[in-house]
Amino acid sequence: MKQQVLTFILNGEEVAVLVTPTETLLDVLRERLQITGPKRGCDDGECGACTVLLDGEPVRSCLTLALTVEGRTVTTVEGLMVKGELDRLQKAFYERGAFQCGFCTPGMLMVAKSLLAKNPNPSRDEIRSYMAGNLCRCGSYEEIIEAIQAVAAGEY
Amino acid sequence: MREVLYYAPTELTEATAILADHRDKAAVLAGGTDLLPKLNYYEVKPHALLYIGRLGLSSIHNGSSALTIGATTTTADLATHHLVQQYAPALAQAARLSGSVAIQNAATIGGNIANASPAADLVVALLALDASVRLLSHSGQRDVHLADFFLGPHLTILQPDELITQIHVPLSPGKTEFLKLGRRKGQTLAVVSVAVRLQLDGDLCHDARIVLGSMAPTPLRCRTAEHLLRGQKITTDLIHQAATQAIAESSPITDQRATAWYRKKAGEALVQRALLQALDKKEVRP
């Protein structure tokens with residue numbers, strides 16, 4: 001199929017990549033740019049493992065047609081580290097064991113990042129509600145909520 | 001593999017010309033939350049993708065008699081916009097309860113209407129508010145009441161060369177409520193949803209809307225139940241009668257989310273609750 005050039009800002013750097021019209025942002029990230037943080041869980045928008053930030057807001061990269069992000073800003077879990085330092089949320093998830101297999105973690109982190117940007121001190125219910133679209137089949141929900149609360153409380 | 005063409009026009013005339021060219025071989029793409037799963041699983045194989053996210057149709061305006069909402073306004077914007085909260089709180093509530101945060105950031109009001117799911121949350125609220133849609137094609141435009149728009153599950157009167165550009169939500173007076181029952185609290189499709197609007201004149205009910213989601217082939221206005229309330233003093237008894245009547249007008253199916261039997265039982269309770277809670281709500285005044 002005929003390819004087109006797609007240009008966008010990925011984790012702070014402009015990238016130009018050849019894509020076909022039916023490829024999703026997730027396809028392009030994982031298979032053309034080797035950005036494998038976003039995971040392909042359901043390819044249906046249900047699980048949240050592929051969640052990335054588009055212009056700062058969480059979206060499903062599996063439901064985002066790649067060409068529609070032309071000129072826009074995409075942040076994946078790979079973009080969370082600054083100068084080799086883990087993000088506070090990454091540290092909290094790591095130290096508090098907020099995962100078992102880790103498949104959902106990149107998506108969880110991006111949604112949590114967006115939550116704390118909007119609401120630096122969310123209640124437990126606000127966390128549960130905001131994170132409801134991200135599934136963890138290992139069942140690490142308690143630790144995930146605690147990790148986000150710990151970051152909000154300034155422990156990281 | 002067949003070539004798929006991608007268009008992202010910035011002018012409406014361009015968009016309608018593309019649609020006129022490709023007609024039902026084109027798939028209109030807005031937020032993608034309904035179309036992309038079908039593309040990912042090869043359930044639809046369009047010849048052309050028409051992305052309408054660059055047409056400047058994401059806006060909410062307040063006119064003298066109606067809110068005008070652009071078709072690509074996202075559910076997240078509906079949930080948080082002050083005009084929607086003030087004049088159409090049931091729509092803001094439906095938006096808040098629809099999908100997850102990531103879905104709300106992408107899903108659009110026009111897409112929720114065009115997809116024509118019997119469970120469409122926004123549509124249930126919009127029907128209670130007497131909304132209409134503006135349809136544009138290369139040959140002209142028409143306004144259609146939302147109540148006349150749906151023909152069946154994923155079937156509408158939208159012609160292959162037509163695009164939904166705007167939604168008009170009259171500044172309808174009255175007390176409203178939107179309630180939804182799902183299998184879980186967050187990110188869930190409705191087992192049954194209800195929107196009601198009560199326009200009161202002192203003790204009497206001047207006009208009423210009762211709309212059910214996931215209870216019929218399309219979101220359903222329960223006109224006989226509404227008629228029961230009209231001109232009457234609202235009592236608990238009357239609310240029970242109206243709820244029973246609303247369910248009598250429905251025709252739910254059994255599917256993976258619930259049985260038809262359960263939908264009727266839960267639906268009746270939900271209509272009762274919506275009517276009772278609406279009475280306690282602040283009245284919206286245009």
# chains A, B, ... in the order shown; residues from 1 in each chain; ligands from 1
$ residues_around --residues "Pro21 in chain A" --least-positions-apart "5" --cutoff "7 Å" --atoms "only C-alpha atoms" --output "list in words"
Leu67 of chain A; Val4, Leu5 and Tyr6 of chain B
$ write_last_selection --atoms "N, CA and C atoms" --output "short mmCIF file (atom, residue, chain, number, x, y, z; two decimals), in the first residue's frame"
data_model
loop_
_atom_site.label_atom_id
_atom_site.label_comp_id
_atom_site.auth_asym_id
_atom_site.auth_seq_id
_atom_site.Cartn_x
_atom_site.Cartn_y
_atom_site.Cartn_z
N LEU A 67 -2.03 8.81 10.79
CA LEU A 67 -1.95 10.05 10.02
C LEU A 67 -2.65 11.23 10.69
N VAL B 4 -5.80 2.30 0.03
CA VAL B 4 -6.79 3.07 0.78
C VAL B 4 -6.35 4.52 0.74
N LEU B 5 -7.27 5.39 0.36
CA LEU B 5 -6.94 6.81 0.28
C LEU B 5 -7.25 7.48 1.61
N TYR B 6 -6.41 8.43 1.99
CA TYR B 6 -6.63 9.16 3.24
C TYR B 6 -6.78 10.64 2.92
#
$ residues_around --residues "Ser214 in chain B" --least-positions-apart "3" --cutoff "8 Å" --atoms "only C-alpha atoms" --output "PyMOL selection string"
chain B and resi 118-120+190-193+217-219+252
$ interface_residues --of "chain A" --to "chain B" --cutoff "10 Å" --atoms "only C-alpha atoms" --output "count of residues only"
40
$ closest_residue --among "B:Pro153, B:Ser250, B:Ile167, B:Val124" --to "Thr108 in chain B" --atoms "only C-alpha atoms"
B:Ile167
$ residues_around --residues "His138 in chain B" --least-positions-apart "6" --cutoff "7 Å" --atoms "only C-alpha atoms" --output "ChimeraX atom specification"
/B:13,16-17,20
$ closest_residue --among "A:Gly41, A:Gly12, A:Gly102, A:Gly79" --to "Cys138 in chain A" --atoms "only C-alpha atoms"
A:Gly102
$ residues_around --residues "Ala147 in chain A" --least-positions-apart "3" --cutoff "12 Å" --atoms "only C-alpha atoms" --output "tab-separated table (two decimals) with N, CA and C atoms, in the first residue's frame"
chain	number	residue	atom	x	y	z
A	88	ARG	N	8.85	10.48	38.91
A	88	ARG	CA	8.42	10.15	40.29
A	88	ARG	C	7.42	8.99	40.30
A	89	LEU	N	6.53	8.99	39.32
A	89	LEU	CA	5.54	7.90	39.25
A	89	LEU	C	6.23	6.57	38.98
A	90	GLN	N	7.22	6.59	38.09
A	90	GLN	CA	7.94	5.34	37.80
A	90	GLN	C	8.63	4.81	39.05
A	91	LYS	N	9.26	5.74	39.80
A	91	LYS	CA	9.92	5.32	41.04
A	91	LYS	C	8.92	4.71	42.01
A	92	ALA	N	7.78	5.38	42.17
A	92	ALA	CA	6.77	4.91	43.13
A	92	ALA	C	6.22	3.56	42.71
A	93	PHE	N	5.92	3.39	41.40
A	93	PHE	CA	5.41	2.10	40.91
A	93	PHE	C	6.45	1.00	41.18
A	94	TYR	N	7.73	1.32	40.92
A	94	TYR	CA	8.81	0.34	41.06
A	94	TYR	C	8.99	-0.04	42.52
A	95	GLU	N	9.10	0.97	43.37
A	95	GLU	CA	9.40	0.68	44.77
A	95	GLU	C	8.23	0.05	45.51
A	96	ARG	N	7.01	0.36	45.06
A	96	ARG	CA	5.83	-0.16	45.76
A	96	ARG	C	5.24	-1.39	45.08
A	97	GLY	N	5.92	-1.90	44.08
A	97	GLY	CA	5.45	-3.11	43.41
A	97	GLY	C	4.06	-2.95	42.82
A	98	ALA	N	3.88	-1.84	42.10
A	98	ALA	CA	2.55	-1.58	41.56
A	98	ALA	C	2.31	-2.31	40.24
A	99	PHE	N	2.83	-3.51	40.14
A	99	PHE	CA	2.62	-4.37	38.97
A	99	PHE	C	3.17	-5.75	39.29
A	105	THR	N	1.61	-1.46	32.79
A	105	THR	CA	2.28	-0.34	33.46
A	105	THR	C	2.50	0.89	32.57
A	108	MET	N	-0.76	2.64	32.43
A	108	MET	CA	-1.12	3.14	33.76
A	108	MET	C	-0.34	4.42	34.07
A	109	LEU	N	0.96	4.39	33.78
A	109	LEU	CA	1.81	5.54	34.10
A	109	LEU	C	1.37	6.79	33.32
A	112	ALA	N	-1.85	8.09	34.84
A	112	ALA	CA	-1.56	8.67	36.16
A	112	ALA	C	-0.85	10.01	36.01
A	113	LYS	N	0.04	10.10	35.03
A	113	LYS	CA	0.76	11.35	34.76
A	113	LYS	C	-0.25	12.47	34.43
A	116	LEU	N	-2.30	13.52	37.63
A	116	LEU	CA	-1.61	14.40	38.58
A	116	LEU	C	-1.34	15.78	37.98
A	124	ARG	N	-8.80	9.06	46.72
A	124	ARG	CA	-8.78	7.66	46.29
A	124	ARG	C	-9.85	7.40	45.23
A	127	ILE	N	-8.88	8.87	41.90
A	127	ILE	CA	-7.88	8.03	41.24
A	127	ILE	C	-8.57	6.83	40.59
A	140	SER	N	-3.09	-5.62	40.44
A	140	SER	CA	-2.25	-4.78	41.31
A	140	SER	C	-2.88	-3.42	41.59
A	141	TYR	N	-4.18	-3.36	41.49
A	141	TYR	CA	-4.86	-2.06	41.61
A	141	TYR	C	-4.54	-1.34	42.92
A	142	GLU	N	-4.56	-2.07	44.02
A	142	GLU	CA	-4.31	-1.42	45.32
A	142	GLU	C	-2.95	-0.73	45.32
A	143	GLU	N	-1.92	-1.45	44.84
A	143	GLU	CA	-0.57	-0.90	44.84
A	143	GLU	C	-0.47	0.28	43.87
A	144	ILE	N	-1.20	0.19	42.77
A	144	ILE	CA	-1.18	1.29	41.80
A	144	ILE	C	-1.78	2.55	42.43
A	150	ALA	N	1.09	8.16	46.91
A	150	ALA	CA	2.40	8.48	47.50
A	150	ALA	C	3.07	9.61	46.74
A	151	VAL	N	2.95	9.58	45.40
A	151	VAL	CA	3.53	10.66	44.60
A	151	VAL	C	2.80	11.97	44.91
A	152	ALA	N	1.47	11.89	44.99
A	152	ALA	CA	0.69	13.10	45.28
A	152	ALA	C	1.06	13.67	46.65
A	153	ALA	N	1.39	12.77	47.58
A	153	ALA	CA	1.73	13.21	48.93
A	153	ALA	C	3.17	13.73	49.03
A	154	GLY	N	3.90	13.70	47.91
A	154	GLY	CA	5.25	14.25	47.91
A	154	GLY	C	6.30	13.30	48.41
A	155	GLU	N	5.98	11.99	48.46
A	155	GLU	CA	6.95	11.02	48.97
A	155	GLU	C	8.02	10.67	47.93
A	156	TYR	N	7.83	11.12	46.67
A	156	TYR	CA	8.84	10.81	45.64
A	156	TYR	C	9.25	12.09	44.93
$ select_by_dssp --residues "range 13-128 of chain A" --states "alpha helix (DSSP H)" --output "VMD selection string"
chain A and resid 25 to 27 88 to 95 105 to 118 124 to 128
$ closest_residue --among "B:Ala27, B:Ala225, B:Leu179, B:Leu136" --to "Ala90 in chain B" --atoms "only C-alpha atoms"
B:Leu179
$ atom_distance --atom1 "CA of Ala195 in chain B" --atom2 "CA of Ala274 in chain B"
7.2 Å
$ residues_around --residues "Thr7 in chain A" --least-positions-apart "5" --cutoff "9 Å" --atoms "only C-alpha atoms" --output "PyMOL selection string"
chain A and resi 14-18+67+69-72
$ closest_residue --among "B:Ala269, B:Ala116, B:Ala66, B:Ala125" --to "Ala92 in chain B" --atoms "only C-alpha atoms"
B:Ala125
$ select_by_dssp --residues "chain A" --states "strand (DSSP E or B)" --output "list of chain:residue names"
A:Gln4, A:Val5, A:Leu6, A:Thr7, A:Phe8, A:Ile9, A:Leu10, A:Glu13, A:Glu14, A:Val15, A:Ala16, A:Val17, A:Leu18, A:Val19, A:Thr24, A:Thr51, A:Val52, A:Leu53, A:Leu54, A:Glu57, A:Pro58, A:Val59, A:Arg60, A:Leu65, A:Thr73, A:Val74, A:Thr75, A:Val82, A:Glu85
$ closest_residue --among "A:Leu10, A:Val74, A:Ile145, A:Val82" --to "Gly56 in chain A" --atoms "only C-alpha atoms"
A:Val74
